[in-house]
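Single-structure report; data block below.
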Amino acid sequence: MDLIIRNGRVVDGSGLPAFVGDIGITDGRIVRIGSITETAATEIDAAGKIVTPGFIDPHTHFDAQLLWDGAAKPAIEHGVTTIVPGNCSLSLAPLRAEHRMKLVGMFNQIEEMPPKAFAEGVEWNWETFDEFVKRIRKDLTVNVAPLVGHSVLRLWVMGNDSMERVATDDEIVQMQQLLRECLAAGAIGMSTSFVDMDERLQPVPSRYADVRELDKLCEVLAEYSRILQIVHEFYDIDLTIARIDQLAEISLKHHITTTLSPLFVQADNVAGVDRIMDRVTEQVARGARVWPQVQTRPIDISFCFAVPSLLFIRLRSWYAVMRFGTTESIMAAFNDPEQREKLVAEAKDMMPLWSMLVLRQVKTDANQQYVGKTLTEIAQLRGTDPLNAMIDLSLEEELDAHFLAANMGHNNDAKVGALLAHPNVLIGASDGGAHILSFSTYGDTGYLFSHFVRDTHTLGLEQAVKKITSDTAAIWGIADRGHLKTGYVADITIFDADTIDRGPEYYVQDVPGDGYRYVRDAVGVDAVIIGGEVAYTCADGYTGSHRGEIVGGWA
Amino acid sequence: MTGPTIKSVRLAAAHEGIAELVVDIQFDNGGVTEVALDRFASQALMDACQANSAEELVGQSWELVRDALNTSYNRF
């Protein structure tokens with residue numbers, strides 16, 4: 001055998017209770033589970049640890065990053081062995097040379113991937129989906145199940161008209177043929193969006209499609225038994241329900257799986273999500289395959305005083321200062337003792353919020369020591385109160401001090417937990433690799449185990465593992481992964497059930513073109529095996545293994 | 001004032017990590033629906049109502065909400 005993982009508590013992805021055993025691997029596949037007397041070239045002692053199938057992240061935007069980082073860091077560190085890029089109607093292929101900058105603009109607008117990263121990190125040596133897959137395949141550490149984006153299909157066939165009108169019959173036929181080529185080259189399905197905007201803040205091309213066009217493209221998905229992903233109007237309960245009905249009709253007509261993401265629990269309308277799930281349950285009972293995706297992490301609000309934020313819309317004095325304020329006038333207000341006293345007095349009513357704010361980013365060296373601390377902690381260090389600490393820091397940074405209000409949305413533990421445990425919910429929607437300048441999209445799996453398994457006991461360990469491994473593989477049609485079974489590909493995550501978590505968020509300069517992004521390190525993940533080789537250990541980091549594959553759906 | 005009016009306002013966290021204003025609009029028949037406004041629409045609504053804080057929006061006509069959304073949309 002090439003690799004044996006010994007004495008771990010095996011949670012095999014089926015949802016059945018954990019058991020202690022060894023796992024033997026040869027040629028990238030699991031060949032035995034139980035008690036293994038043989039020895040192997042590489043052995044891992046997993047005593048006291050949990051051994052599970054590698055996690056599958058079904059909603060990511062690692063498309064660009066895969067061109068310079070085949071490990072999609074830091075996804076693997078968090079136990080993720082398979083990612084699905086190409087969501088929300090956007091993929092990097094098929095893409096004609098003349099449309100490259102258009103797509104760079106869309107990626108910048110929607111995913112905050114800086115154009116400079118494309119300029120310095122990307123050699124544009126593909127046009128077709130097949131060429132793109134071949135381009136990224138050779139350097140993959142993580143497995144990739146790529147979606148093809150509806151917007152880029154339109155752009156290829158219709159050019160600039162894709163952003164102006166519905167398609168003709170002939171153009172739809174061309175899109176159908178193009179989609180066939182993408183699916184044959186390894187696309188696991190197609191994504192579309194009813195929400196996203198491009199770099200001109202105009203609807204992305206997929207939003208100009210009529211019902212007939214989507215239906216014809218789903219006809220092709222049916223030929224290959226592949227999935228349809230959509231971004232629905234997630235901010236509106238009724239429109240979401242209408243999309244669920246639309247997806248159900250598509251699913252029933254074409255016998256395909258559909259998924260919509262993201263589904264959030266609205267802060268003051270928690271009952272709204274019950275209406276949505278009632279409709280999902282009704283449609284599932286009819287035989288439709290409609291899977292809403294729910295993210296584990298709460299939503300944080302970020303702000304700095306240089307950019308107006310609605311956080312202050314309930315405070316008369318603050319709103320008056322911020323509404324028409326320039327940097328100079330806002331700083332003048334903060335510096336004026338009388339105005340400052342008024343601002344502080346008014347904001348004290350919201351003191352619990354200010355004390356919980358975390359300083360995320362500053363530009364001066366002197367204040368770097370406070371980054372990552374709460375305003376309560378900073379105030380103690382500075383001998384002041386949280387509110388004055390926030391104002392002082394903002395002045396010292398010329399308003400370029402960035403703060404984070406954690407857990408402001410999708411934060412009702414009971415409701416989010418019930419959703420995550422719901423049999424008709426797919427855990428996902430991490431958005432990994434996107435919004436890189438706004439927040440970290442990594443570590444949702446660690447948060448699932450630390451918060452919803454360990455803290456709130458909403459899900460059992462085996463149930464949580466099943467939801468992000470075998471369930472995901474089955475829903476997406478990913479063959480031979482998601483279970484620890486003999487004959488299955490050895491994608492395996494080993495972690496400590498008592499400590500697994502997501503680490504704190506921090507800002508790092510590791511994007512090509514001297515770009516920055518927010519990331520989180522993993523906590524409690526000991527080792528990650530992909531394709532039978534150790535890809536990452538917490539002790540030694542990435543091993544340089546490149547056993548990741550393009551994981552297309554089963555036909 | 002007749003017709004649907006703003007019943008209540010609250011802050012919400014949008015998907016992208018920014019704050020949005022959510023207003024509940026109550027109809028004459030008792031029905032309530034919620035509308036999310038981005039920063040631009042919120043400011044347009046505050047201006048139209050000459051409001052100094054979000055709470056002052058309560059009781060205002062839905063038509064002002066509609067116009068504020070149009071103002072935000074038409075800024076491009």
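Identifiers in the structure tokens: chain A, B, ... in order shown; residue index from 1 per chain; ligand index from 1 in order shown.
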
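For chain A, the residues close to chain B, meaning within 6 Å and counting only C-alpha atoms, are Asp300, Ile301, Ser302, Leu310, Ile313, Arg314, Leu315, Arg316, Met408 and Gly409 of chain A.
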
Expected file: the selected residues, N, CA, C and O atoms, as a PDB file, in the first residue's frame:
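Writing done, so here's out39.pdb:
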ATOM      1  N   ASP A 300     -20.877  39.709   8.383  1.00  0.00           N
ATOM      2  CA  ASP A 300     -20.305  40.846   9.112  1.00  0.00           C
ATOM      3  C   ASP A 300     -20.474  42.105   8.260  1.00  0.00           C
ATOM      4  O   ASP A 300     -20.455  42.034   7.036  1.00  0.00           O
ATOM      5  N   ILE A 301     -20.614  43.254   8.920  1.00  0.00           N
ATOM      6  CA  ILE A 301     -20.656  44.524   8.195  1.00  0.00           C
ATOM      7  C   ILE A 301     -19.325  45.244   8.391  1.00  0.00           C
ATOM      8  O   ILE A 301     -18.843  45.381   9.512  1.00  0.00           O
ATOM      9  N   SER A 302     -18.744  45.679   7.291  1.00  0.00           N
ATOM     10  CA  SER A 302     -17.493  46.437   7.352  1.00  0.00           C
ATOM     11  C   SER A 302     -17.776  47.899   7.014  1.00  0.00           C
ATOM     12  O   SER A 302     -18.664  48.191   6.222  1.00  0.00           O
ATOM     13  N   LEU A 310     -24.626  53.157   6.057  1.00  0.00           N
ATOM     14  CA  LEU A 310     -25.956  53.296   6.640  1.00  0.00           C
ATOM     15  C   LEU A 310     -25.992  52.923   8.111  1.00  0.00           C
ATOM     16  O   LEU A 310     -27.028  53.064   8.759  1.00  0.00           O
ATOM     17  N   ILE A 313     -27.495  55.728  10.066  1.00  0.00           N
ATOM     18  CA  ILE A 313     -28.710  56.371   9.591  1.00  0.00           C
ATOM     19  C   ILE A 313     -29.746  56.567  10.698  1.00  0.00           C
ATOM     20  O   ILE A 313     -30.687  57.326  10.551  1.00  0.00           O
ATOM     21  N   ARG A 314     -29.551  55.898  11.802  1.00  0.00           N
ATOM     22  CA  ARG A 314     -30.507  56.056  12.912  1.00  0.00           C
ATOM     23  C   ARG A 314     -30.055  57.125  13.902  1.00  0.00           C
ATOM     24  O   ARG A 314     -30.730  57.382  14.878  1.00  0.00           O
ATOM     25  N   LEU A 315     -28.876  57.698  13.678  1.00  0.00           N
ATOM     26  CA  LEU A 315     -28.327  58.679  14.615  1.00  0.00           C
ATOM     27  C   LEU A 315     -28.319  60.052  13.949  1.00  0.00           C
ATOM     28  O   LEU A 315     -27.558  60.288  13.013  1.00  0.00           O
ATOM     29  N   ARG A 316     -29.154  60.943  14.442  1.00  0.00           N
ATOM     30  CA  ARG A 316     -29.347  62.244  13.774  1.00  0.00           C
ATOM     31  C   ARG A 316     -28.033  63.004  13.594  1.00  0.00           C
ATOM     32  O   ARG A 316     -27.733  63.483  12.500  1.00  0.00           O
ATOM     33  N   MET A 408     -23.766  40.450  12.039  1.00  0.00           N
ATOM     34  CA  MET A 408     -24.871  41.396  11.867  1.00  0.00           C
ATOM     35  C   MET A 408     -26.021  40.805  11.043  1.00  0.00           C
ATOM     36  O   MET A 408     -27.110  41.352  11.015  1.00  0.00           O
ATOM     37  N   GLY A 409     -25.754  39.740  10.333  1.00  0.00           N
ATOM     38  CA  GLY A 409     -26.811  39.129   9.533  1.00  0.00           C
ATOM     39  C   GLY A 409     -26.623  37.620   9.458  1.00  0.00           C
ATOM     40  O   GLY A 409     -25.527  37.111   9.755  1.00  0.00           O
TER      41      GLY A 409
END

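For region 381-461 of chain A, backbone-based DSSP assignment of strand (DSSP E or B) covers His402, Phe403, Leu404, Ala405, Ala406, Asn407, Met408, Gly409, Leu426, Ile427 and Gly432 of chain A.
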
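Taking only C-alpha atoms, the non-local environment of Ala48 (chain B) within 12 Å (same-chain residues fewer than 2 positions away omitted) comprises Ala41, Ser42, Gln43, Ala44, Leu45, Met46, Gln50, Ala51, Asn52, Glu56, Leu57, Gln60, Ser61, Trp62, Glu63, Leu64, Val65, Arg66, Asp67, Ala68, Leu69 and Thr71 of chain B.
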
Inset, instruction - Going by DSSP on the backbone, which bits of region 169-345 of chain A are alpha helix (DSSP H)? Write them as a VMD selection string, please. - result: chain A and resid 169 to 184 211 to 224 237 to 254 270 to 285 316 to 323 327 to 335 337 to 345

Inset, instruction - Would you list the contacts of region 531-538 of chain A as a count of residues only, taking every protein, DNA or RNA residue within 10 Å and counting only C-alpha atoms, but skipping same-chain residues closer than 5 positions in sequence? - result: 42

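Once Ser35 (chain A) and its same-chain neighbours fewer than 4 positions away are set aside, A:Ile4, A:Ile5, A:Arg6, A:Asn7, A:Gly8, A:Phe19, A:Val20, A:Gly21, A:Asp22, A:Ile23, A:Gly24, A:Thr39 remain within 12 Å of it when counting only C-alpha atoms.
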
Written selection (N, CA and C atoms) as a PDB file, in the first residue's frame:
ATOM      1  N   ILE A   4      -1.236   4.439   4.647  1.00  0.00           N
ATOM      2  CA  ILE A   4      -2.192   3.886   5.620  1.00  0.00           C
ATOM      3  C   ILE A   4      -2.444   4.943   6.700  1.00  0.00           C
ATOM      4  N   ILE A   5      -3.714   5.196   6.969  1.00  0.00           N
ATOM      5  CA  ILE A   5      -4.105   6.096   8.062  1.00  0.00           C
ATOM      6  C   ILE A   5      -4.593   5.190   9.183  1.00  0.00           C
ATOM      7  N   ARG A   6      -3.909   5.210  10.315  1.00  0.00           N
ATOM      8  CA  ARG A   6      -4.188   4.233  11.359  1.00  0.00           C
ATOM      9  C   ARG A   6      -4.933   4.825  12.552  1.00  0.00           C
ATOM     10  N   ASN A   7      -5.824   4.004  13.088  1.00  0.00           N
ATOM     11  CA  ASN A   7      -6.435   4.225  14.411  1.00  0.00           C
ATOM     12  C   ASN A   7      -7.306   5.467  14.522  1.00  0.00           C
ATOM     13  N   GLY A   8      -7.714   6.014  13.388  1.00  0.00           N
ATOM     14  CA  GLY A   8      -8.576   7.190  13.448  1.00  0.00           C
ATOM     15  C   GLY A   8     -10.017   6.808  13.731  1.00  0.00           C
ATOM     16  N   PHE A  19     -16.514   4.891  13.706  1.00  0.00           N
ATOM     17  CA  PHE A  19     -15.877   3.677  14.245  1.00  0.00           C
ATOM     18  C   PHE A  19     -14.364   3.843  14.147  1.00  0.00           C
ATOM     19  N   VAL A  20     -13.650   3.094  14.950  1.00  0.00           N
ATOM     20  CA  VAL A  20     -12.192   3.182  14.929  1.00  0.00           C
ATOM     21  C   VAL A  20     -11.656   2.166  13.928  1.00  0.00           C
ATOM     22  N   GLY A  21     -10.739   2.612  13.088  1.00  0.00           N
ATOM     23  CA  GLY A  21     -10.204   1.691  12.094  1.00  0.00           C
ATOM     24  C   GLY A  21      -9.055   2.310  11.311  1.00  0.00           C
ATOM     25  N   ASP A  22      -8.499   1.489  10.413  1.00  0.00           N
ATOM     26  CA  ASP A  22      -7.412   1.923   9.535  1.00  0.00           C
ATOM     27  C   ASP A  22      -7.962   2.071   8.111  1.00  0.00           C
ATOM     28  N   ILE A  23      -7.318   2.913   7.350  1.00  0.00           N
ATOM     29  CA  ILE A  23      -7.693   3.078   5.939  1.00  0.00           C
ATOM     30  C   ILE A  23      -6.439   2.891   5.094  1.00  0.00           C
ATOM     31  N   GLY A  24      -6.510   1.952   4.161  1.00  0.00           N
ATOM     32  CA  GLY A  24      -5.368   1.680   3.280  1.00  0.00           C
ATOM     33  C   GLY A  24      -5.622   2.222   1.884  1.00  0.00           C
ATOM     34  N   THR A  39       2.155  -2.924   6.087  1.00  0.00           N
ATOM     35  CA  THR A  39       2.728  -1.591   6.283  1.00  0.00           C
ATOM     36  C   THR A  39       2.708  -0.858   4.942  1.00  0.00           C
TER      37      THR A  39
END

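Take CA of Ala209 (chain A) and CA of Ala167 (chain A): the distance between them is 6.8 Å.
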
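Counting from CA of Arg502 (chain A), the distance to CA of Ala527 (chain A) is 15.2 Å.
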
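We find CA of Val51 (chain A) and CA of Val416 (chain A) to be spaced 26.0 Å apart.
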
Legend entry - Residue contacts of Ala401 (chain A) (8 Å, only C-alpha atoms) excluding same-chain residues fewer than 2 positions away, as a ChimeraX atom specification: /A:304-305,359-363,393-394,397-399,403

Inset, instruction - Skip Ile468 (chain A) itself and residues of its chain fewer than 2 positions away, then list as a PyMOL selection string all residues within 7 Å of it, counting only C-alpha atoms. - result: chain A and resi 55-56+427+464-466+470-472
